[in-house]
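Shown here: query.txt, compact mmCIF, C-alpha atoms.
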```
# COMPACT_ATOMS: atom_id res chain seq x y z
CA MET S 1 0.00 0.00 0.00
CA LYS S 2 2.71 2.45 1.06
CA ILE S 3 4.82 1.49 -1.96
CA ALA S 4 1.85 2.02 -4.30
CA VAL S 5 1.36 5.53 -2.89
CA ILE S 6 5.07 6.37 -3.30
CA LEU S 7 5.10 5.01 -6.87
CA SER S 8 1.98 6.98 -7.76
CA LYS S 9 3.54 10.17 -6.39
CA LEU S 10 6.74 9.59 -8.35
CA VAL S 11 4.88 8.90 -11.60
CA LEU S 12 2.64 11.97 -11.21
CA ALA S 13 5.60 14.19 -10.26
CA ALA S 14 7.56 13.04 -13.33
CA ILE S 15 4.58 13.43 -15.67
CA PHE S 16 3.70 16.92 -14.50
CA LEU S 17 7.32 18.05 -14.44
CA LEU S 18 7.76 16.88 -18.05
CA ALA S 19 4.48 18.48 -19.05
CA SER S 20 5.18 21.86 -17.44
CA VAL S 21 8.69 22.65 -18.67
CA PRO S 22 8.03 23.08 -22.45
CA LYS S 23 4.99 25.21 -21.63
CA ILE S 24 6.99 27.47 -19.31
CA ILE S 25 9.73 27.83 -21.92
CA ALA S 26 7.33 28.71 -24.76
CA PRO S 27 4.12 30.26 -23.39
CA ASP S 28 3.33 31.70 -26.83
CA GLU S 29 3.22 28.22 -28.37
CA PHE S 30 1.25 26.88 -25.43
CA ALA S 31 -1.28 29.71 -25.87
CA VAL S 32 -1.82 28.55 -29.46
CA ALA S 33 -2.29 24.97 -28.22
CA VAL S 34 -4.86 26.18 -25.67
CA PHE S 35 -6.59 28.32 -28.28
CA ARG S 36 -6.86 25.36 -30.69
CA TYR S 37 -9.10 23.52 -28.24
CA GLN S 38 -11.74 26.19 -29.00
CA LEU S 39 -13.15 25.85 -25.49
CA LEU S 40 -12.16 29.08 -23.74
CA PRO S 41 -13.14 32.69 -24.32
CA ASP S 42 -10.36 34.82 -25.85
CA ALA S 43 -9.67 36.60 -22.57
CA ALA S 44 -8.87 33.34 -20.79
CA VAL S 45 -6.49 31.77 -23.34
CA ASN S 46 -3.31 33.68 -22.44
CA LEU S 47 -4.04 33.62 -18.71
CA VAL S 48 -4.27 29.84 -18.85
CA ALA S 49 -1.04 29.72 -20.89
CA ILE S 50 0.75 31.91 -18.34
CA PHE S 51 -0.40 30.26 -15.10
CA LEU S 52 -1.32 26.64 -15.85
CA PRO S 53 2.29 25.44 -16.43
CA TRP S 54 3.32 26.89 -13.06
CA VAL S 55 0.41 25.17 -11.32
CA GLU S 56 1.61 21.91 -12.93
CA LEU S 57 5.21 22.52 -11.85
CA VAL S 58 4.33 23.49 -8.27
CA ALA S 59 2.05 20.44 -7.96
CA ALA S 60 4.75 18.16 -9.43
CA ILE S 61 7.29 19.27 -6.82
CA THR S 62 5.00 19.46 -3.79
CA ILE S 63 3.40 16.06 -4.33
CA LEU S 64 6.77 14.68 -3.19
CA ILE S 65 6.69 16.67 0.08
CA PRO S 66 4.69 14.74 2.72
CA ARG S 67 3.13 17.86 4.26
CA THR S 68 1.70 19.09 0.92
CA SER S 69 1.26 15.86 -1.02
CA ALA S 70 -2.52 15.61 -0.45
CA ALA S 71 -3.08 19.20 -1.60
CA ALA S 72 -0.85 18.68 -4.65
CA ALA S 73 -2.70 15.44 -5.46
CA ALA S 74 -6.02 17.32 -5.21
CA ILE S 75 -4.73 19.98 -7.64
CA ILE S 76 -3.43 17.32 -10.04
CA PHE S 77 -6.77 15.49 -9.78
CA GLY S 78 -8.59 18.70 -10.69
CA LEU S 79 -6.25 19.46 -13.59
CA LEU S 80 -6.54 15.94 -15.00
CA ALA S 81 -10.34 16.05 -14.72
CA VAL S 82 -10.35 19.26 -16.77
CA PHE S 83 -7.83 17.90 -19.33
CA THR S 84 -9.83 14.68 -19.75
CA ALA S 85 -13.06 16.61 -20.24
CA ALA S 86 -11.44 19.03 -22.75
CA ILE S 87 -9.94 16.24 -24.86
CA SER S 88 -13.17 14.22 -24.78
CA ILE S 89 -15.30 17.23 -25.81
CA ASP S 90 -12.99 18.00 -28.76
CA LEU S 91 -12.91 14.36 -29.84
CA VAL S 92 -16.71 14.31 -29.85
CA ARG S 93 -16.79 17.65 -31.73
CA GLY S 94 -14.34 16.20 -34.26
CA ILE S 95 -11.73 18.92 -33.72
CA ASP S 96 -8.50 17.55 -35.10
CA ILE S 97 -5.70 19.06 -32.96
CA SER S 98 -2.53 17.90 -31.27
CA CYS S 99 -2.76 17.44 -27.50
CA GLY S 100 -0.30 20.13 -26.38
CA CYS S 101 0.27 17.97 -23.29
CA PHE S 102 3.98 17.09 -23.35
CA THR S 103 5.07 18.74 -26.59
CA LEU S 104 3.85 21.93 -28.23
CA ASP S 105 4.80 20.76 -31.72
CA ALA S 106 1.75 21.25 -33.94
CA ASN S 107 3.04 18.31 -36.01
CA ALA S 108 2.65 15.93 -33.09
CA GLY S 109 -0.08 13.39 -33.71
CA PRO S 110 -3.72 14.44 -33.25
CA ILE S 111 -5.56 13.74 -29.99
CA GLY S 112 -7.32 10.39 -29.68
CA TRP S 113 -9.13 8.29 -27.10
CA TRP S 114 -5.73 7.00 -26.00
CA GLU S 115 -5.10 10.39 -24.32
CA VAL S 116 -8.40 10.04 -22.47
CA VAL S 117 -7.51 6.54 -21.24
CA ARG S 118 -4.04 7.76 -20.20
CA ASP S 119 -5.48 10.74 -18.30
CA VAL S 120 -8.06 8.54 -16.54
CA ALA S 121 -5.20 6.28 -15.38
CA PHE S 122 -3.32 9.31 -13.98
CA LEU S 123 -6.58 10.59 -12.49
CA THR S 124 -6.97 7.31 -10.62
CA MET S 125 -3.42 7.62 -9.29
CA ALA S 126 -4.03 11.19 -8.11
CA GLY S 127 -7.28 10.11 -6.44
CA PHE S 128 -5.44 7.29 -4.72
CA VAL S 129 -2.71 9.63 -3.39
CA LEU S 130 -5.35 12.11 -2.22
CA TRP S 131 -7.38 9.38 -0.52
CA SER S 132 -4.31 7.98 1.23
CA GLY S 133 -3.38 11.47 2.44
CA LEU S 134 -6.83 12.17 3.85
CA ARG S 135 -7.27 8.78 5.56
CA PRO S 136 -7.25 9.21 9.34
CA VAL S 137 -4.18 7.52 10.82
CA LYS S 138 -5.23 4.87 13.32
CA SER S 139 -3.61 5.34 16.68
CA PRO S 140 -2.34 2.16 18.41
CA ALA S 141 -5.06 2.59 21.06
CA SER S 142 -7.87 2.33 18.50
CA ILE S 143 -6.58 -0.88 16.91
CA MET Q 1 -16.01 14.46 12.77
CA ALA Q 2 -13.84 17.21 14.22
CA HIS Q 3 -10.82 15.46 12.72
CA THR Q 4 -12.43 15.40 9.24
CA THR Q 5 -13.36 19.10 9.37
CA LYS Q 6 -9.88 20.03 10.55
CA ALA Q 7 -8.26 17.86 7.86
CA SER Q 8 -10.48 19.36 5.13
CA GLY Q 9 -9.68 22.88 6.32
CA ARG Q 10 -5.97 22.14 6.28
CA LEU Q 11 -6.22 20.59 2.80
CA LEU Q 12 -8.04 23.63 1.41
CA ALA Q 13 -5.49 25.97 3.00
CA HIS Q 14 -2.64 23.98 1.44
CA ILE Q 15 -4.34 23.98 -1.98
CA ALA Q 16 -4.83 27.76 -1.77
CA GLY Q 17 -1.20 28.18 -0.71
CA LEU Q 18 0.14 26.10 -3.61
CA LEU Q 19 -2.06 27.92 -6.13
CA LEU Q 20 -0.82 31.23 -4.75
CA VAL Q 21 2.80 30.11 -5.21
CA ALA Q 22 2.00 29.16 -8.82
CA VAL Q 23 0.36 32.53 -9.49
CA VAL Q 24 3.36 34.40 -8.02
CA CYS Q 25 5.72 32.32 -10.20
CA GLY Q 26 3.58 33.01 -13.29
CA VAL Q 27 3.58 36.76 -12.66
CA ALA Q 28 7.33 36.75 -11.89
CA ALA Q 29 8.06 34.86 -15.12
CA GLN Q 30 6.05 37.40 -17.11
CA VAL Q 31 7.98 40.27 -15.50
CA ILE Q 32 11.43 38.69 -15.87
CA ARG Q 33 10.94 37.20 -19.34
CA ARG Q 34 12.34 39.19 -22.27
CA ASP Q 35 9.45 38.18 -24.54
CA PRO Q 36 6.34 37.92 -22.32
CA ILE Q 37 3.06 37.13 -23.99
CA PRO Q 38 0.22 39.65 -23.62
CA TRP Q 39 -2.01 38.99 -20.60
CA PHE Q 40 -5.00 39.14 -22.94
CA GLU Q 41 -5.18 38.66 -26.67
CA THR Q 42 -7.90 39.01 -29.29
CA TRP Q 43 -7.74 35.52 -30.66
CA SER Q 44 -10.71 36.07 -32.97
CA ASN Q 45 -8.28 37.99 -35.25
CA TYR Q 46 -6.04 34.98 -35.44
CA ILE Q 47 -6.02 33.36 -38.86
CA GLU Q 48 -6.73 29.89 -37.47
CA ALA Q 49 -9.79 31.16 -35.57
CA LYS Q 50 -11.29 32.56 -38.72
CA ALA Q 51 -10.48 29.43 -40.73
CA LEU Q 52 -11.95 27.10 -38.11
CA LYS Q 53 -15.07 29.23 -37.90
CA GLU Q 54 -15.58 28.83 -41.65
CA GLY Q 55 -14.84 25.12 -41.67
CA ILE Q 56 -11.60 25.51 -43.65
CA PRO Q 57 -9.32 22.54 -42.89
CA LEU Q 58 -5.94 23.44 -41.41
CA VAL Q 59 -2.75 21.54 -42.15
CA THR Q 60 0.65 21.44 -40.45
CA SER Q 61 4.08 21.79 -42.00
CA ALA Q 62 4.59 18.02 -41.74
CA GLN Q 63 1.43 17.47 -43.75
CA VAL Q 64 2.55 20.02 -46.36
CA LEU Q 65 5.90 18.22 -46.59
CA GLY Q 66 3.99 14.98 -47.17
CA PHE Q 67 1.89 16.61 -49.91
CA LEU Q 68 5.06 17.97 -51.49
CA GLN Q 69 6.79 14.59 -51.49
CA ALA Q 70 3.71 12.80 -52.80
CA GLY Q 71 3.02 15.54 -55.36
CA THR Q 72 -0.67 15.44 -54.51
CA HIS Q 73 -1.44 19.12 -53.89
CA LEU Q 74 -1.14 22.36 -55.81
CA ILE Q 75 0.64 24.70 -53.41
CA LEU Q 76 -0.26 28.39 -53.71
CA ASP Q 77 1.80 31.18 -52.15
CA ALA Q 78 -0.46 34.15 -51.43
CA ARG Q 79 2.31 36.60 -50.45
CA PRO Q 80 3.48 39.51 -52.62
CA ALA Q 81 5.67 38.38 -55.54
CA VAL Q 82 8.80 39.91 -54.03
CA ASP Q 83 8.46 37.73 -50.90
CA TYR Q 84 7.82 34.67 -53.07
CA GLU Q 85 10.97 35.30 -55.07
CA SER Q 86 13.12 35.64 -51.98
CA GLY Q 87 12.08 32.16 -50.85
CA HIS Q 88 9.08 29.84 -51.05
CA ILE Q 89 7.98 26.26 -50.52
CA PRO Q 90 9.35 24.15 -53.43
CA SER Q 91 6.93 23.77 -56.35
CA ALA Q 92 4.62 26.44 -54.92
CA ARG Q 93 3.03 28.81 -57.44
CA SER Q 94 2.88 32.52 -56.73
CA VAL Q 95 -0.65 33.91 -56.42
CA PRO Q 96 -0.30 37.25 -54.63
CA TYR Q 97 -3.70 37.96 -53.15
CA GLU Q 98 -3.43 41.68 -53.88
CA PHE Q 99 -3.84 40.84 -57.61
CA VAL Q 100 -5.76 37.60 -57.15
CA SER Q 101 -7.82 37.33 -60.33
CA GLU Q 102 -4.86 38.32 -62.50
CA ALA Q 103 -2.43 36.19 -60.51
CA LEU Q 104 -4.60 33.09 -60.89
CA MET Q 105 -4.40 33.18 -64.71
CA PRO Q 106 -1.04 31.40 -65.08
CA VAL Q 107 -2.20 28.77 -62.55
CA GLN Q 108 -5.50 28.02 -64.34
CA PRO Q 109 -4.12 24.95 -66.21
CA TYR Q 110 -3.35 23.29 -62.87
CA LEU Q 111 -6.71 24.04 -61.23
CA THR Q 112 -9.53 21.52 -61.17
CA PRO Q 113 -12.71 21.93 -59.09
CA SER Q 114 -11.96 19.08 -56.70
CA GLY Q 115 -8.17 19.06 -57.03
CA PRO Q 116 -6.40 19.42 -53.68
CA ILE Q 117 -4.91 22.87 -53.04
CA VAL Q 118 -2.84 24.23 -50.14
CA THR Q 119 -2.53 27.96 -49.51
CA TYR Q 120 -0.07 29.78 -47.29
CA CYS Q 121 1.31 33.25 -46.65
CA SER Q 122 4.12 34.60 -44.47
CA GLY Q 123 3.03 33.35 -41.06
CA LYS Q 124 0.37 33.39 -38.42
CA SER Q 125 -0.14 37.14 -38.55
CA CYS Q 126 -0.87 37.39 -42.29
CA ASP Q 127 -4.27 36.76 -43.81
CA GLU Q 128 -3.65 36.57 -47.57
CA SER Q 129 -3.80 32.77 -47.51
CA LEU Q 130 -7.14 32.85 -45.73
CA LEU Q 131 -8.48 35.41 -48.20
CA LEU Q 132 -7.19 33.34 -51.13
CA THR Q 133 -8.78 30.21 -49.67
CA GLN Q 134 -12.11 32.00 -49.28
CA TYR Q 135 -11.82 33.33 -52.83
CA LEU Q 136 -11.08 29.88 -54.27
CA ARG Q 137 -13.96 28.32 -52.34
CA ARG Q 138 -16.31 30.97 -53.69
CA GLN Q 139 -15.05 30.11 -57.21
CA GLY Q 140 -16.11 26.50 -56.64
CA PHE Q 141 -12.83 24.89 -55.62
CA THR Q 142 -13.94 22.57 -52.85
CA ASN Q 143 -10.71 20.92 -51.75
CA VAL Q 144 -8.67 23.84 -50.39
CA VAL Q 145 -6.73 23.56 -47.14
CA LEU Q 146 -4.83 26.26 -45.27
CA PHE Q 147 -1.29 26.05 -43.92
CA ALA Q 148 -1.63 28.70 -41.22
CA GLY Q 149 1.97 28.40 -40.03
CA GLY Q 150 3.03 29.80 -43.39
CA PHE Q 151 6.51 30.36 -44.73
CA GLU Q 152 7.94 31.47 -41.36
CA THR Q 153 7.11 28.11 -39.80
CA TRP Q 154 8.24 26.20 -42.87
CA ASN Q 155 11.59 28.00 -42.95
CA ALA Q 156 12.12 27.88 -39.18
CA GLU Q 157 11.68 24.09 -39.25
CA GLY Q 158 14.43 23.76 -41.84
CA HIS Q 159 12.32 22.41 -44.69
CA PRO Q 160 13.61 22.90 -48.24
CA VAL Q 161 13.18 26.35 -49.74
CA GLU Q 162 13.20 27.32 -53.40
CA ARG Q 163 14.18 30.83 -54.52
CA GLY Q 164 13.39 32.97 -57.55
CA ALA Q 165 10.40 33.16 -59.87
CA ARG Q 166 8.90 30.11 -61.55
```

Can the structure from this file be put into structure tokens for me?
Amino acid sequence: MKIAVILSKLVLAAIFLLASVPKIIAPDEFAVAVFRYQLLPDAAVNLVAIFLPWVELVAAITILIPRTSAAAAAIIFGLLAVFTAAISIDLVRGIDISCGCFTLDANAGPIGWWEVVRDVAFLTMAGFVLWSGLRPVKSPASI
Amino acid sequence: MAHTTKASGRLLAHIAGLLLVAVVCGVAAQVIRRDPIPWFETWSNYIEAKALKEGIPLVTSAQVLGFLQAGTHLILDARPAVDYESGHIPSARSVPYEFVSEALMPVQPYLTPSGPIVTYCSGKSCDESLLLTQYLRRQGFTNVVLFAGGFETWNAEGHPVERGAR
């Protein structure tokens, strides 16, 4: 159980670290990737491109710190829920775009249901870390 | 019960704290960065937004390279002739939008109503390719796609470039 929690934290930290860095380096390209989803009003596109990568980076680092891991897992859970919904909506609408998840290259392959399955797997991991962090610790007297 | 409330309160406080750190980092990056992006942008002016709104298919540079290698598409450069001559996508024909009806004359033999056509201009801030695409669609050419990245993207990615007039 403890090992599964540690592994989940490590995987999520690595994934979000990898996802955040290209977006921080090239916010202009990330803004285009956000825009291509055609889901946000104009005024929100650049704000998302400016702040979202930092939320990802902060969550990636703090999920490894015991004191903040539950909060980081909750943030990652929220982000993944939004990403999964956005990709699913665009797949249903037939919008043919690249994910913009780990690379901002417009030539990267288009989004598919694989991304949804992948995000649901990460979502489960984040939920598991959050649940384990919120579980009351049994004192020896209550056992 | 008290434990749960306290734990939830602590969790929410931590979440708020982490989000605040992220916001501070985002603002700091914008201030420090030499090329910050605007906080707000009118994306409806963006060439891709207009194309998507009109149902014009967009293609990437990799797709254009594929078309070029397969020889499937007629590639039309909508920039002014002087820009075309200083460098263009190989095999592209010059159709400067500013003289569109005249500029299309030499290309007529290659145009067929359902033949695949790609248009491009200098980059994401130009709109001649979009205007040319709209013009061609109005003329009855149904299979026109837009390479919104344009010549800037093509050149920046190191794809082959042809110079001079054709």

Item to check | Counting only C-alpha atoms, chain S residues within 10 Å of chain Q, as JSON, numbers by chain | outcome: {"S": [24, 25, 26, 27, 28, 29, 31, 32, 35, 36, 38, 41, 42, 43, 44, 45, 46, 47, 48, 49, 50, 51, 52, 53, 54, 55, 56, 57, 58, 59, 62, 67, 68, 69, 70, 71, 72, 73, 74, 75, 95, 96, 97, 105, 106, 107, 108, 130, 133, 134, 135, 136]}

Go ahead and save the picked residues with C-alpha atoms, as a PDB file, in the frame of the given file.
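Writing done, so here's selection_26.pdb:
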```pdb
ATOM      1  CA  ILE S  24       6.990  27.470 -19.310  1.00  0.00           C
ATOM      2  CA  ILE S  25       9.730  27.830 -21.920  1.00  0.00           C
ATOM      3  CA  ALA S  26       7.330  28.710 -24.760  1.00  0.00           C
ATOM      4  CA  PRO S  27       4.120  30.260 -23.390  1.00  0.00           C
ATOM      5  CA  ASP S  28       3.330  31.700 -26.830  1.00  0.00           C
ATOM      6  CA  GLU S  29       3.220  28.220 -28.370  1.00  0.00           C
ATOM      7  CA  ALA S  31      -1.280  29.710 -25.870  1.00  0.00           C
ATOM      8  CA  VAL S  32      -1.820  28.550 -29.460  1.00  0.00           C
ATOM      9  CA  PHE S  35      -6.590  28.320 -28.280  1.00  0.00           C
ATOM     10  CA  ARG S  36      -6.860  25.360 -30.690  1.00  0.00           C
ATOM     11  CA  GLN S  38     -11.740  26.190 -29.000  1.00  0.00           C
ATOM     12  CA  PRO S  41     -13.140  32.690 -24.320  1.00  0.00           C
ATOM     13  CA  ASP S  42     -10.360  34.820 -25.850  1.00  0.00           C
ATOM     14  CA  ALA S  43      -9.670  36.600 -22.570  1.00  0.00           C
ATOM     15  CA  ALA S  44      -8.870  33.340 -20.790  1.00  0.00           C
ATOM     16  CA  VAL S  45      -6.490  31.770 -23.340  1.00  0.00           C
ATOM     17  CA  ASN S  46      -3.310  33.680 -22.440  1.00  0.00           C
ATOM     18  CA  LEU S  47      -4.040  33.620 -18.710  1.00  0.00           C
ATOM     19  CA  VAL S  48      -4.270  29.840 -18.850  1.00  0.00           C
ATOM     20  CA  ALA S  49      -1.040  29.720 -20.890  1.00  0.00           C
ATOM     21  CA  ILE S  50       0.750  31.910 -18.340  1.00  0.00           C
ATOM     22  CA  PHE S  51      -0.400  30.260 -15.100  1.00  0.00           C
ATOM     23  CA  LEU S  52      -1.320  26.640 -15.850  1.00  0.00           C
ATOM     24  CA  PRO S  53       2.290  25.440 -16.430  1.00  0.00           C
ATOM     25  CA  TRP S  54       3.320  26.890 -13.060  1.00  0.00           C
ATOM     26  CA  VAL S  55       0.410  25.170 -11.320  1.00  0.00           C
ATOM     27  CA  GLU S  56       1.610  21.910 -12.930  1.00  0.00           C
ATOM     28  CA  LEU S  57       5.210  22.520 -11.850  1.00  0.00           C
ATOM     29  CA  VAL S  58       4.330  23.490  -8.270  1.00  0.00           C
ATOM     30  CA  ALA S  59       2.050  20.440  -7.960  1.00  0.00           C
ATOM     31  CA  THR S  62       5.000  19.460  -3.790  1.00  0.00           C
ATOM     32  CA  ARG S  67       3.130  17.860   4.260  1.00  0.00           C
ATOM     33  CA  THR S  68       1.700  19.090   0.920  1.00  0.00           C
ATOM     34  CA  SER S  69       1.260  15.860  -1.020  1.00  0.00           C
ATOM     35  CA  ALA S  70      -2.520  15.610  -0.450  1.00  0.00           C
ATOM     36  CA  ALA S  71      -3.080  19.200  -1.600  1.00  0.00           C
ATOM     37  CA  ALA S  72      -0.850  18.680  -4.650  1.00  0.00           C
ATOM     38  CA  ALA S  73      -2.700  15.440  -5.460  1.00  0.00           C
ATOM     39  CA  ALA S  74      -6.020  17.320  -5.210  1.00  0.00           C
ATOM     40  CA  ILE S  75      -4.730  19.980  -7.640  1.00  0.00           C
ATOM     41  CA  ILE S  95     -11.730  18.920 -33.720  1.00  0.00           C
ATOM     42  CA  ASP S  96      -8.500  17.550 -35.100  1.00  0.00           C
ATOM     43  CA  ILE S  97      -5.700  19.060 -32.960  1.00  0.00           C
ATOM     44  CA  ASP S 105       4.800  20.760 -31.720  1.00  0.00           C
ATOM     45  CA  ALA S 106       1.750  21.250 -33.940  1.00  0.00           C
ATOM     46  CA  ASN S 107       3.040  18.310 -36.010  1.00  0.00           C
ATOM     47  CA  ALA S 108       2.650  15.930 -33.090  1.00  0.00           C
ATOM     48  CA  LEU S 130      -5.350  12.110  -2.220  1.00  0.00           C
ATOM     49  CA  GLY S 133      -3.380  11.470   2.440  1.00  0.00           C
ATOM     50  CA  LEU S 134      -6.830  12.170   3.850  1.00  0.00           C
ATOM     51  CA  ARG S 135      -7.270   8.780   5.560  1.00  0.00           C
ATOM     52  CA  PRO S 136      -7.250   9.210   9.340  1.00  0.00           C
TER      53      PRO S 136
END
```

Next on the checklist: Taking 3 positions as the minimum chain separation for residues in the same chain, which residues sit within 10 Å of stretch 104-120 of chain Q when counting all atoms listed in the file? Answer as JSON, numbers by chain.
Outcome noted: {"Q": [57, 58, 59, 64, 67, 72, 73, 74, 75, 76, 77, 78, 79, 88, 89, 92, 93, 94, 95, 96, 97, 99, 100, 101, 123, 124, 126, 127, 128, 129, 130, 131, 132, 133, 136, 137, 139, 140, 141, 142, 143, 144, 145, 146, 147, 148, 149, 150, 151]}

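The two atoms in question, atom CA of S:Ser8 and atom CA of S:Ala85, are spaced 21.8 Å apart.
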
Checklist entry - If we count only C-alpha atoms, what is near S:Trp114 at a cut-off of 12 Å, once residues fewer than 5 positions away on the same chain are taken out, given as an MDAnalysis selection string? => result chainID S and resid 84 87:88 91 99 109 119:121

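The space separating atom CA of Q:Gln69 from atom CA of Q:Ser122 comes to 21.4 Å.
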
Checklist entry - Suppose you want the space between atom CA of S:Val5 and atom CA of S:Met125; what is it in Å? => result 8.3 Å
